[in-house]
Amino acid sequence: MVVEKDSAQNQTSNSKIVPLSIQMQTINLQEELNEIQAQAVQHIDGPVMVIAGPGSGKTRVLTFRIAYMIEQGIDAFSILALTFTNKAAAEMRNRIQNLIGNDARNVWMGTFHSVFARILRIECQRLGYPSNFSIYDTTDSKNLIKRIVKEEGLNDKIYKPNIVYNRISSAKNSLITSVDYNQDFNLTAEDEANRRPKLGALYRTYTKRLFEAGAMDFDDLIMNMYLLLSQHPDVLYKYQHKFKYIMVDEYQDTNYAQYLIIKLLCDVFQNIAVVGDDAQSIYAFRGANIQNILNFEKDYPEVATFKLEQNYRSTKNIVKIANQIITKNKLQLPKEIWTDNSDGNKVKLIRAASDNDEGRIVADIIQEMKLRNHYKNNDFAILYRTNAQSRSFEEALRRQNIPYKIYGGLSFYQRKEIKDFMAYLRLTVNHNDEEALRRVINYPRRGIGDTSMNKITLIANETGRPIWEVISNPALYKLTARVATALDAFATMIKSFRSLMTKKDAYDLAHHIGKATKMFKELHNDKSVEGLSRYENLQELLNSINEFRDTNSEEKLAGEVSDQNNLGAYLQQVSLLTDTGKDDENADTIKLMTIHSAKGLEFKLVFVVGLEENLFPSMLSMNSREDLEEERRLFYVACTRAEEHLMVSYANMRYRYGNLQYCEPSRFIDEISPFDMEAYGGSTQKTNVKTSWESPMKQRFNFSKQFKPKQAAGNLPAIDITDFKPDNPATLEAGMKVVHQRFGKGNIQHIEGEGPARMATIQFNQFGQKRILLKYAKLQIMQG
DNA sequence: GTGGGATCGGTTTTT
DNA sequence: CCGATCCCAC
């Protein structure tokens with residue numbers, strides 16, 4: 001057993017006598033931080049929890065804390081700082097570097113996934129994985145699931161890849177391995193009840209296939225890290241003693257597996273500092289467990305808790321609105337966010353007739369604000385619930401020649417040409433990477449189509465050999481001469497790339513691969529607009545590989561290949577990136593993004609758009625009170641991004657799959673006191689809404705009709721989902737007279753279904769009979 | 001094995 | 001509306 005040499009070994013864990021680092025500058029904490037922040041920074045030993053409201057200087061505390069620790073002589077190598085996004089990690093590293101210089105480089109800092117991947121590369125042989133394991137992204141995983149479902153002859157309408165993937169993912173997040181899963185009576189019974197009895201078997205096959213391909217999916221990086229630590233005491237010992245100080249950002253977003261790993265790692269020294277805000281927990285859908293932060297004090301009774309409640313970001317009006325929303329939630333740690341900033345402007349409510357109208361109004365307001373307040377484009381952000389909503393804003397901004405940048409959506413690394421090229425790189429490093437292999441074996445065309453691949457898969461399954469084996473030895477199997485030659489050429493080519501790995505660095509090899517596979521040529525020959533942009537994207541990727549090579553090559557070894565700048569190193573770094581990371585900080589653009597990706601950012605003026613029932617809150621995540629509360633936290637996060645102006649908007653009509661649909665203003669609008677809001681922009685005049693109709697003869701008729709936007713902020717409260725618990729069926733019954741926000745007075749005729757799925761058939765005086773899903777309904781019972 | 005036309009289905013957030 | 005998939009003709 002090799003325990004890594006620990007340079008801080010001579011120190012006891014709380015000795016701060018001998019500073020190891022040269023003090024570049026002395027940090028004056030009193031000058032830089034408020035009292036509570038300074039306390040949190042200086043409390044280094046033992047468990048610490050910092051509850052940090054929005055705009056309260058959370059990142060500031062974290063960075064100063066690390067800088068302070070290093071100045072106190074703690075070895076940077078023994079500090080582990082975990083974040084959730086690459087952006088947060090990069091920003092923190094930057095800021096610490098500014099504070100203390102190059103010592104910052106030695107802190108282990110990164111996302112959970114990237115830090116664990118780095119450790120797994122070193123240790124994963126213990127689990128039987130090769131150290132050059134591939135990382136499957138969501139698309140790869142879903143493709144694999146789709147293929148397994150097909151191979152097993154199951155109905156792909158029942159076993160939809162999304163459902164299967166999510167089920168497996170949440171199992172992994174709860175540290176349930178495929179073996180555990182199949183032995184767990186509750187889970188299998190649940191699957192039986194959902195008419196998906198084969199899920200356990202699918203999970204087993206999926207795990208097996210990943211293992212054979214030498215690949216891990218995102219969740220495996222976490223689960224395998226846990227398995228590694230819990231099954232190998234020597235490895236656990238090594239990292240427990242390596243990471244004497246552990247810090248976790250956005251702790252409210254940790255899932256069960258991450259929680260346990262942290263618990264294991266900090267078990268010896270108990271120097272664990274978590275920073276977060278339960279009110280900003282918005283990742284339950286990927287397993288985040290808000291209880292982790294709510295229960296932190298129970299897990300670590302000696303914890304020192306600091307609450308950062310002063311907001312330095314937003315005006316009083318914005319803080320007030322945010323508080324109004326979040327206090328509707330029952331599940332939270334008690335705290336009160338306040339600010340010393342000025343009152344600022346009232347929150348504006350924008351009413352639009354349609355989504356296009358919404359886009360137009362927002363663009364108009366941006367123009368106006370730029371002129372009136374001398375705002376720059378960088379000061380604006382448009383935040384929405386779903387990526388699909390960006391369209392109308394893009395169109396409107398483009399029409400007005402306002403530069404904008406969209407974050408998220410189809411990320412750079414998701415594009416077909418990039419995925420194809422990356423597949424070649426992955427296949428070069430790991431020949432067993434099945435997803436990569438299937439992606440490129442017939443691209444560019446080399447005469448190995450589906451028929452041949454099906455045959456090869458069959459052979460592989462029958463002989464029990466990996467697909468790569470079959471492909472690289474086609475002569476051994478019954479294949480036509482033509483296919484055998486093509487396969488042989490392909491395998492030889494990939495092998496030649498592999499042998500070049502020690503001779504060429506990442507960029508040179510990638511360039512060689514692009515040429516040898518004829519991918520460059522293929523894309524270059526496509527002269528269409530999309531083809532051109534595909535070619536440019538590939539060039540962009542190569543540029544970034546070039547950049548990687550340059551930053552990771554040691555100067556004296558220029559031109560040499562090392563473990564730092566070869567293809568394997570590049571892939572390791574890049575497979576966990578979801579965006580180019582190359583956002584031009586200098587470019588003056590309006591930012592468009594989902595609320596989820598806006599966490600941690602701030603803008604002078606924020607538009608929170610698309611506030612319509614079933615869209616925000618989303619109808620797909622409204623099955624319990626907890627779900628509604630998470631949507632509410634999402635709205636809270638959105639509002640607290642704003643510094644000076646906050647504008648919320650909704651449209652009464654929205655295009656969905658090409659059809660114009662009616663939308664109700666969101667209940668969140670009703671949750672803001674009307675006195676704290678003022679109508680703004682867009683006016684309430686009639687607007688033309690374009691629509692179209694396709695005749696049975698496939699003729700399309702476009703016409704526009706006039707539409708007057710409906711006023712929001714009705715007085716009817718949305719019915720709380722808690723009322724629909726099966727054990728509390730009262731509240732609404734057939735025979736009752738009710739008032740509906742939109743349809744007016746009516747009689748409930750009958751109610752069907754249970755829980756949140758309850759539907760009421762109501763006869764309305766003006767609008768006739770309607771069926772209404774009660775969990776969304778804004779209804780009031782009429783007395784008498 | 002390839003390419004074009006018809007048909008069907010899906011509606012969320014991310015490492 | 002958009003992408004995946006199926007079917008059919010070459």
# chains A, B, ... in the order shown; residues from 1 in each chain; ligands from 1
>>> interface_residues(of="chain B", to="chain A", cutoff="8 Å", atoms="only C-alpha atoms (C1' of nucleotides)", output="mmCIF file with C-alpha atoms (C1' of nucleotides), in the first residue's frame")
data_model
loop_
_atom_site.group_PDB
_atom_site.id
_atom_site.type_symbol
_atom_site.label_atom_id
_atom_site.label_comp_id
_atom_site.auth_asym_id
_atom_site.auth_seq_id
_atom_site.Cartn_x
_atom_site.Cartn_y
_atom_site.Cartn_z
ATOM 1 C "C1'" DG B 1 -26.696 0.365 -48.565
ATOM 2 C "C1'" DT B 12 -38.063 20.477 -17.987
ATOM 3 C "C1'" DT B 13 -34.315 21.895 -15.417
ATOM 4 C "C1'" DT B 14 -27.900 19.703 -15.581
ATOM 5 C "C1'" DT B 15 -23.024 17.322 -14.216
#
>>> residues_around(residues="DT7 of chain B", least_positions_apart="6", cutoff="12 Å", atoms="only C-alpha atoms (C1' of nucleotides)", output="PDB file with N, CA and C atoms (P, O5', C5', C4', C3', O3' and C1' of nucleotides), in the first residue's frame")
ATOM      1  P    DA C   4     -32.878  13.223 -33.914  1.00  0.00           P
ATOM      2  O5'  DA C   4     -33.738  11.892 -33.872  1.00  0.00           O
ATOM      3  C5'  DA C   4     -34.545  11.638 -32.727  1.00  0.00           C
ATOM      4  C4'  DA C   4     -35.501  10.529 -33.052  1.00  0.00           C
ATOM      5  C3'  DA C   4     -34.855   9.332 -33.748  1.00  0.00           C
ATOM      6  O3'  DA C   4     -35.294   8.141 -33.110  1.00  0.00           O
ATOM      7  C1'  DA C   4     -36.682  10.136 -35.036  1.00  0.00           C
ATOM      8  P    DT C   5     -34.738   6.720 -33.565  1.00  0.00           P
ATOM      9  O5'  DT C   5     -35.877   6.156 -34.506  1.00  0.00           O
ATOM     10  C5'  DT C   5     -37.245   6.305 -34.109  1.00  0.00           C
ATOM     11  C4'  DT C   5     -38.135   5.798 -35.232  1.00  0.00           C
ATOM     12  C3'  DT C   5     -37.564   4.609 -36.013  1.00  0.00           C
ATOM     13  O3'  DT C   5     -38.552   3.598 -36.073  1.00  0.00           O
ATOM     14  C1'  DT C   5     -38.311   6.299 -37.475  1.00  0.00           C
ATOM     15  P    DC C   6     -38.265   2.151 -36.626  1.00  0.00           P
ATOM     16  O5'  DC C   6     -39.334   2.044 -37.805  1.00  0.00           O
ATOM     17  C5'  DC C   6     -40.610   2.673 -37.649  1.00  0.00           C
ATOM     18  C4'  DC C   6     -41.306   2.732 -39.005  1.00  0.00           C
ATOM     19  C3'  DC C   6     -40.982   1.549 -39.919  1.00  0.00           C
ATOM     20  O3'  DC C   6     -42.180   1.069 -40.515  1.00  0.00           O
ATOM     21  C1'  DC C   6     -40.477   3.587 -41.015  1.00  0.00           C
ATOM     22  P    DC C   7     -42.176  -0.310 -41.324  1.00  0.00           P
ATOM     23  O5'  DC C   7     -42.481   0.180 -42.813  1.00  0.00           O
ATOM     24  C5'  DC C   7     -43.312   1.312 -43.038  1.00  0.00           C
ATOM     25  C4'  DC C   7     -43.207   1.704 -44.500  1.00  0.00           C
ATOM     26  C3'  DC C   7     -42.854   0.544 -45.427  1.00  0.00           C
ATOM     27  O3'  DC C   7     -43.692   0.596 -46.575  1.00  0.00           O
ATOM     28  C1'  DC C   7     -41.289   2.289 -45.705  1.00  0.00           C
TER      29       DC C   7
END
>>> residues_around(residues="DC10 of chain C", least_positions_apart="4", cutoff="12 Å", atoms="only C-alpha atoms (C1' of nucleotides)", output="compact mmCIF listing (two decimals) with all heavy atoms, in the first residue's frame")
# COMPACT_ATOMS: atom_id res chain seq x y z
P DG B 1 -25.29 -3.23 -45.47
OP1 DG B 1 -23.90 -3.21 -45.04
OP2 DG B 1 -26.34 -2.99 -44.50
O5' DG B 1 -25.46 -2.12 -46.60
C5' DG B 1 -24.34 -1.80 -47.41
C4' DG B 1 -24.58 -0.46 -48.02
O4' DG B 1 -25.68 -0.55 -48.94
C3' DG B 1 -24.92 0.65 -47.05
O3' DG B 1 -24.33 1.84 -47.54
C2' DG B 1 -26.44 0.73 -47.11
C1' DG B 1 -26.70 0.36 -48.57
N9 DG B 1 -27.97 -0.32 -48.82
C8 DG B 1 -28.51 -1.36 -48.13
N7 DG B 1 -29.66 -1.76 -48.62
C5 DG B 1 -29.89 -0.90 -49.69
C6 DG B 1 -30.96 -0.83 -50.60
O6 DG B 1 -31.97 -1.53 -50.64
N1 DG B 1 -30.78 0.18 -51.52
C2 DG B 1 -29.71 1.02 -51.57
N2 DG B 1 -29.71 1.94 -52.54
N3 DG B 1 -28.69 0.98 -50.74
C4 DG B 1 -28.86 -0.02 -49.82
P DT B 2 -24.50 3.24 -46.91
OP1 DT B 2 -23.23 3.96 -47.11
OP2 DT B 2 -25.04 3.07 -45.56
O5' DT B 2 -25.59 3.93 -47.82
C5' DT B 2 -25.30 4.12 -49.21
C4' DT B 2 -26.39 4.96 -49.83
O4' DT B 2 -27.59 4.16 -50.00
C3' DT B 2 -26.82 6.19 -49.03
O3' DT B 2 -26.84 7.30 -49.90
C2' DT B 2 -28.21 5.84 -48.51
C1' DT B 2 -28.72 4.91 -49.60
N1 DT B 2 -29.74 3.92 -49.18
C2 DT B 2 -30.88 3.78 -49.94
O2 DT B 2 -31.10 4.43 -50.95
N3 DT B 2 -31.77 2.83 -49.48
C4 DT B 2 -31.63 2.04 -48.36
O4 DT B 2 -32.49 1.22 -48.05
C5 DT B 2 -30.42 2.24 -47.61
C7 DT B 2 -30.18 1.43 -46.38
C6 DT B 2 -29.53 3.16 -48.04
P DG B 3 -26.99 8.76 -49.37
OP1 DG B 3 -26.03 9.60 -50.10
OP2 DG B 3 -27.01 8.75 -47.90
O5' DG B 3 -28.45 9.12 -49.87
C5' DG B 3 -28.76 9.10 -51.27
C4' DG B 3 -30.25 9.37 -51.42
O4' DG B 3 -30.98 8.22 -50.95
C3' DG B 3 -30.75 10.56 -50.60
O3' DG B 3 -31.65 11.32 -51.38
C2' DG B 3 -31.47 9.90 -49.42
C1' DG B 3 -31.99 8.64 -50.05
N9 DG B 3 -32.24 7.55 -49.11
C8 DG B 3 -31.49 7.20 -48.01
N7 DG B 3 -31.97 6.17 -47.36
C5 DG B 3 -33.11 5.83 -48.08
C6 DG B 3 -34.04 4.79 -47.85
O6 DG B 3 -34.05 3.95 -46.96
N1 DG B 3 -35.06 4.78 -48.82
C2 DG B 3 -35.14 5.67 -49.86
N2 DG B 3 -36.17 5.52 -50.68
N3 DG B 3 -34.27 6.65 -50.08
C4 DG B 3 -33.28 6.66 -49.15
P DG B 4 -32.13 12.72 -50.96
OP1 DG B 4 -31.60 13.68 -51.94
OP2 DG B 4 -31.88 12.92 -49.52
O5' DG B 4 -33.69 12.58 -51.16
C5' DG B 4 -34.22 11.94 -52.33
C4' DG B 4 -35.68 11.62 -52.06
O4' DG B 4 -35.74 10.43 -51.23
C3' DG B 4 -36.42 12.73 -51.30
O3' DG B 4 -37.67 12.97 -51.94
C2' DG B 4 -36.59 12.17 -49.90
C1' DG B 4 -36.60 10.67 -50.12
N9 DG B 4 -36.09 9.90 -49.00
C8 DG B 4 -34.94 10.15 -48.27
N7 DG B 4 -34.73 9.28 -47.32
C5 DG B 4 -35.80 8.41 -47.42
C6 DG B 4 -36.10 7.26 -46.65
O6 DG B 4 -35.48 6.78 -45.70
N1 DG B 4 -37.28 6.65 -47.08
C2 DG B 4 -38.07 7.09 -48.12
N2 DG B 4 -39.15 6.39 -48.40
N3 DG B 4 -37.78 8.17 -48.86
C4 DG B 4 -36.64 8.77 -48.45
>>> atom_distance(atom1="atom CA of Ser281 of chain A", atom2="atom CA of Glu612 of chain A")
21.5 Å
>>> residues_around(residues="Met247 of chain A", least_positions_apart="6", cutoff="9 Å", atoms="only C-alpha atoms (C1' of nucleotides)", output="PDB file with N, CA and C atoms, in the first residue's frame")
ATOM      1  N   LEU A  62     -16.114  32.020   0.785  1.00  0.00           N
ATOM      2  CA  LEU A  62     -15.386  30.805   0.408  1.00  0.00           C
ATOM      3  C   LEU A  62     -13.959  31.111  -0.026  1.00  0.00           C
ATOM      4  N   ILE A  66     -10.382  30.132   1.972  1.00  0.00           N
ATOM      5  CA  ILE A  66      -9.268  29.323   1.460  1.00  0.00           C
ATOM      6  C   ILE A  66      -7.975  30.125   1.495  1.00  0.00           C
ATOM      7  N   ILE A  79      -6.283  20.867   0.919  1.00  0.00           N
ATOM      8  CA  ILE A  79      -7.603  21.496   0.882  1.00  0.00           C
ATOM      9  C   ILE A  79      -8.377  20.981  -0.322  1.00  0.00           C
ATOM     10  N   LEU A  80      -9.597  20.543  -0.076  1.00  0.00           N
ATOM     11  CA  LEU A  80     -10.469  20.088  -1.157  1.00  0.00           C
ATOM     12  C   LEU A  80     -11.688  20.991  -1.194  1.00  0.00           C
ATOM     13  N   ALA A  81     -11.932  21.605  -2.344  1.00  0.00           N
ATOM     14  CA  ALA A  81     -13.107  22.471  -2.475  1.00  0.00           C
ATOM     15  C   ALA A  81     -13.969  21.958  -3.604  1.00  0.00           C
ATOM     16  N   LEU A  82     -15.213  21.607  -3.288  1.00  0.00           N
ATOM     17  CA  LEU A  82     -16.093  21.006  -4.280  1.00  0.00           C
ATOM     18  C   LEU A  82     -17.211  21.964  -4.672  1.00  0.00           C
ATOM     19  N   THR A  83     -17.450  22.059  -5.959  1.00  0.00           N
ATOM     20  CA  THR A  83     -18.535  22.890  -6.455  1.00  0.00           C
ATOM     21  C   THR A  83     -19.411  22.041  -7.374  1.00  0.00           C
ATOM     22  N   ASN A 271     -13.004  18.510   9.582  1.00  0.00           N
ATOM     23  CA  ASN A 271     -12.894  19.903   9.145  1.00  0.00           C
ATOM     24  C   ASN A 271     -13.712  20.077   7.880  1.00  0.00           C
ATOM     25  N   ILE A 272     -14.992  20.161   8.078  1.00  0.00           N
ATOM     26  CA  ILE A 272     -15.886  20.235   6.928  1.00  0.00           C
ATOM     27  C   ILE A 272     -16.652  21.543   6.982  1.00  0.00           C
ATOM     28  N   ALA A 273     -16.550  22.313   5.923  1.00  0.00           N
ATOM     29  CA  ALA A 273     -17.288  23.568   5.863  1.00  0.00           C
ATOM     30  C   ALA A 273     -18.238  23.505   4.681  1.00  0.00           C
ATOM     31  N   VAL A 274     -19.508  23.667   4.935  1.00  0.00           N
ATOM     32  CA  VAL A 274     -20.457  23.680   3.828  1.00  0.00           C
ATOM     33  C   VAL A 274     -21.104  25.053   3.734  1.00  0.00           C
ATOM     34  N   VAL A 275     -21.312  25.460   2.505  1.00  0.00           N
ATOM     35  CA  VAL A 275     -21.910  26.758   2.258  1.00  0.00           C
ATOM     36  C   VAL A 275     -23.101  26.539   1.357  1.00  0.00           C
TER      37      VAL A 275
END
>>> select_by_dssp(residues="segment 287-380 of chain A", states="strand (DSSP E or B)", output="number ranges by chain")
A: 288, 304-308, 310-311, 338-339, 347-354, 380
>>> residues_around(residues="segment 1-3 of chain C", least_positions_apart="5", cutoff="10 Å", atoms="only C-alpha atoms (C1' of nucleotides)", output="PyMOL selection string")
(chain A and resi 655-659) or (chain B and resi 9-10)
>>> write_last_selection(atoms="C-alpha atoms (C1' of nucleotides)", output="PDB file, in the first residue's frame")
ATOM      1  CA  TYR A 655     -47.051  28.581 -29.682  1.00  0.00           C
ATOM      2  CA  ARG A 656     -46.489  24.972 -28.793  1.00  0.00           C
ATOM      3  CA  TYR A 657     -45.639  22.527 -31.547  1.00  0.00           C
ATOM      4  CA  GLY A 658     -46.808  25.131 -33.976  1.00  0.00           C
ATOM      5  CA  ASN A 659     -50.204  25.542 -32.355  1.00  0.00           C
TER       6      ASN A 659
ATOM      7  C1'  DG B   9     -44.666  11.340 -30.964  1.00  0.00           C
ATOM      8  C1'  DG B  10     -43.145  14.655 -27.475  1.00  0.00           C
TER       9       DG B  10
END
>>> atom_distance(atom1="atom CA of Asn173 of chain A", atom2="atom CA of Ile222 of chain A")
7.8 Å
>>> select_by_dssp(residues="segment 151-311 of chain A", states="alpha helix (DSSP H)", output="short mmCIF file (atom, residue, chain, number, x, y, z; two decimals) with C-alpha atoms, in the first residue's frame")
data_model
loop_
_atom_site.label_atom_id
_atom_site.label_comp_id
_atom_site.auth_asym_id
_atom_site.auth_seq_id
_atom_site.Cartn_x
_atom_site.Cartn_y
_atom_site.Cartn_z
CA GLU A 151 -31.93 -6.38 -28.15
CA PRO A 161 -35.01 5.46 -22.64
CA ASN A 162 -35.78 8.58 -20.63
CA ILE A 163 -37.76 6.73 -18.00
CA VAL A 164 -35.26 3.87 -17.75
CA TYR A 165 -32.34 6.26 -17.57
CA ASN A 166 -33.93 8.37 -14.85
CA ARG A 167 -34.83 5.32 -12.82
CA ILE A 168 -31.28 3.98 -13.03
CA SER A 169 -29.86 7.41 -12.36
CA SER A 170 -31.88 7.92 -9.21
CA ALA A 171 -30.93 4.44 -8.03
CA LYS A 172 -27.27 5.32 -8.48
CA ASN A 173 -27.78 8.62 -6.71
CA SER A 178 -27.76 -3.10 -9.96
CA VAL A 179 -27.26 -6.08 -7.65
CA ASP A 180 -28.91 -4.27 -4.74
CA TYR A 181 -31.69 -3.11 -7.02
CA ASN A 182 -32.63 -6.61 -8.10
CA GLN A 183 -32.63 -7.82 -4.52
CA PHE A 185 -38.28 -6.18 -2.97
CA ASN A 186 -39.76 -2.70 -2.71
CA LEU A 187 -38.14 -1.49 -5.91
CA THR A 188 -39.03 -4.54 -7.95
CA ALA A 189 -42.58 -4.43 -6.63
CA GLU A 190 -42.77 -0.78 -7.60
CA ASP A 191 -41.65 -1.63 -11.13
CA GLU A 192 -44.19 -4.45 -11.33
CA ALA A 193 -46.90 -2.03 -10.30
CA LEU A 199 -36.30 -2.54 -15.19
CA GLY A 200 -34.05 -4.36 -12.77
CA ALA A 201 -32.82 -6.63 -15.53
CA LEU A 202 -32.22 -3.61 -17.76
CA TYR A 203 -30.22 -1.95 -15.01
CA ARG A 204 -28.10 -5.10 -14.70
CA THR A 205 -27.45 -5.33 -18.44
CA TYR A 206 -26.76 -1.63 -18.67
CA THR A 207 -24.17 -1.85 -15.90
CA LYS A 208 -22.57 -4.85 -17.54
CA ARG A 209 -22.36 -3.16 -20.91
CA LEU A 210 -20.83 -0.02 -19.44
CA PHE A 211 -18.29 -2.12 -17.62
CA GLU A 212 -17.39 -4.08 -20.76
CA PHE A 218 -22.10 10.69 -14.93
CA ASP A 219 -23.70 8.97 -11.97
CA ASP A 220 -21.07 6.22 -11.94
CA LEU A 221 -18.42 8.81 -11.21
CA ILE A 222 -20.15 9.48 -7.92
CA MET A 223 -21.29 5.97 -7.09
CA ASN A 224 -17.97 4.34 -7.95
CA MET A 225 -16.17 6.90 -5.87
CA TYR A 226 -18.31 5.80 -2.96
CA LEU A 227 -17.74 2.11 -3.68
CA LEU A 228 -14.02 2.75 -3.91
CA LEU A 229 -13.89 4.47 -0.55
CA SER A 230 -16.20 2.13 1.27
CA GLN A 231 -14.69 -1.10 -0.04
CA PRO A 233 -9.98 1.03 3.61
CA ASP A 234 -6.46 1.84 2.44
CA VAL A 235 -7.77 4.13 -0.28
CA LEU A 236 -10.15 5.72 2.17
CA TYR A 237 -7.29 6.23 4.62
CA LYS A 238 -5.17 7.82 1.94
CA TYR A 239 -7.74 10.41 0.93
CA GLN A 240 -9.02 11.03 4.42
CA HIS A 241 -5.51 12.04 5.40
CA LYS A 242 -4.84 13.87 2.19
CA TYR A 256 -27.38 11.20 -0.97
CA ALA A 257 -24.29 9.68 -2.55
CA GLN A 258 -22.34 12.92 -2.47
CA TYR A 259 -23.43 13.47 1.09
CA LEU A 260 -22.08 10.10 2.17
CA ILE A 261 -18.79 10.52 0.32
CA ILE A 262 -18.21 13.84 2.03
CA LYS A 263 -19.11 12.28 5.35
CA LEU A 264 -16.58 9.50 4.78
CA LEU A 265 -13.82 11.80 3.64
CA GLN A 291 -32.54 17.45 3.87
CA ASN A 292 -28.74 17.31 3.69
CA ILE A 293 -28.51 20.97 4.58
CA LEU A 294 -31.54 20.98 6.85
CA PHE A 296 -26.44 19.25 8.89
CA GLU A 297 -26.65 20.37 12.49
CA LYS A 298 -27.89 16.93 13.50
CA ASP A 299 -25.08 15.18 11.64
#
>>> closest_residue(among="A:Val303, A:Leu660, A:Ile325, A:Leu154", to="chain C", atoms="only C-alpha atoms (C1' of nucleotides)")
A:Leu660
>>> closest_residue(among="A:Pro47, A:Pro709, A:Gly753, A:Gly53", to="Lys307 of chain A", atoms="only C-alpha atoms")
A:Gly53
>>> residues_around(residues="Lys87 of chain A", least_positions_apart="4", cutoff="10 Å", atoms="only C-alpha atoms (C1' of nucleotides)", output="ChimeraX atom specification")
/A:83,91-93,110-111,577,579,581,600
>>> write_last_selection(atoms="N, CA, C and O atoms", output="short mmCIF file (atom, residue, chain, number, x, y, z; two decimals), in the first residue's frame")
data_model
loop_
_atom_site.label_atom_id
_atom_site.label_comp_id
_atom_site.auth_asym_id
_atom_site.auth_seq_id
_atom_site.Cartn_x
_atom_site.Cartn_y
_atom_site.Cartn_z
N THR A 83 -17.45 22.06 -5.96
CA THR A 83 -18.54 22.89 -6.45
C THR A 83 -19.41 22.04 -7.37
O THR A 83 -19.13 20.87 -7.59
N GLU A 91 -14.25 30.30 -11.37
CA GLU A 91 -14.30 31.63 -10.79
C GLU A 91 -13.61 31.68 -9.44
O GLU A 91 -12.85 32.59 -9.13
N MET A 92 -13.84 30.63 -8.66
CA MET A 92 -13.25 30.60 -7.33
C MET A 92 -11.73 30.52 -7.45
O MET A 92 -11.01 31.24 -6.75
N ARG A 93 -11.26 29.67 -8.32
CA ARG A 93 -9.81 29.54 -8.49
C ARG A 93 -9.19 30.88 -8.88
O ARG A 93 -8.16 31.30 -8.35
N GLY A 110 -12.75 21.78 -7.82
CA GLY A 110 -13.44 21.41 -9.04
C GLY A 110 -14.84 20.92 -8.73
O GLY A 110 -15.28 20.96 -7.59
N THR A 111 -15.52 20.45 -9.78
CA THR A 111 -16.85 19.91 -9.57
C THR A 111 -16.72 18.52 -8.94
O THR A 111 -15.67 17.89 -9.03
N LEU A 577 -16.93 18.73 -19.52
CA LEU A 577 -17.33 20.10 -19.86
C LEU A 577 -18.64 20.04 -20.62
O LEU A 577 -18.84 19.17 -21.45
N ASP A 579 -19.93 23.08 -21.80
CA ASP A 579 -19.94 24.23 -22.70
C ASP A 579 -18.49 24.57 -23.05
O ASP A 579 -17.57 24.11 -22.39
N GLY A 581 -16.93 27.02 -22.46
CA GLY A 581 -16.26 27.74 -21.38
C GLY A 581 -15.58 28.99 -21.89
O GLY A 581 -14.95 29.72 -21.15
N GLY A 600 -26.08 31.97 -9.26
CA GLY A 600 -24.74 32.48 -9.00
C GLY A 600 -24.41 33.74 -9.80
O GLY A 600 -23.40 34.36 -9.57
#
>>> residues_around(residues="segment 494-504 of chain A", least_positions_apart="5", cutoff="7 Å", atoms="only C-alpha atoms (C1' of nucleotides)", output="JSON, numbers by chain")
{"A": [428, 429, 509, 561, 566, 567]}
>>> write_last_selection(atoms="N, CA and C atoms", output="mmCIF file, in the first residue's frame")
data_model
loop_
_atom_site.group_PDB
_atom_site.id
_atom_site.type_symbol
_atom_site.label_atom_id
_atom_site.label_comp_id
_atom_site.auth_asym_id
_atom_site.auth_seq_id
_atom_site.Cartn_x
_atom_site.Cartn_y
_atom_site.Cartn_z
ATOM 1 N N THR A 428 -9.944 6.071 -29.931
ATOM 2 C CA THR A 428 -8.490 5.935 -29.981
ATOM 3 C C THR A 428 -7.935 5.593 -28.600
ATOM 4 N N VAL A 429 -8.441 6.279 -27.600
ATOM 5 C CA VAL A 429 -7.931 6.059 -26.243
ATOM 6 C C VAL A 429 -8.463 4.754 -25.664
ATOM 7 N N LEU A 509 -2.222 14.891 -32.779
ATOM 8 C CA LEU A 509 -2.927 13.637 -33.024
ATOM 9 C C LEU A 509 -4.350 13.907 -33.505
ATOM 10 N N VAL A 561 5.776 14.960 -25.959
ATOM 11 C CA VAL A 561 4.498 14.448 -25.487
ATOM 12 C C VAL A 561 4.647 14.006 -24.042
ATOM 13 N N ASN A 566 -1.151 14.804 -23.669
ATOM 14 C CA ASN A 566 -1.552 13.833 -24.694
ATOM 15 C C ASN A 566 -3.080 13.751 -24.798
ATOM 16 N N LEU A 567 -3.496 12.918 -25.726
ATOM 17 C CA LEU A 567 -4.920 12.858 -26.024
ATOM 18 C C LEU A 567 -5.732 12.398 -24.820
#
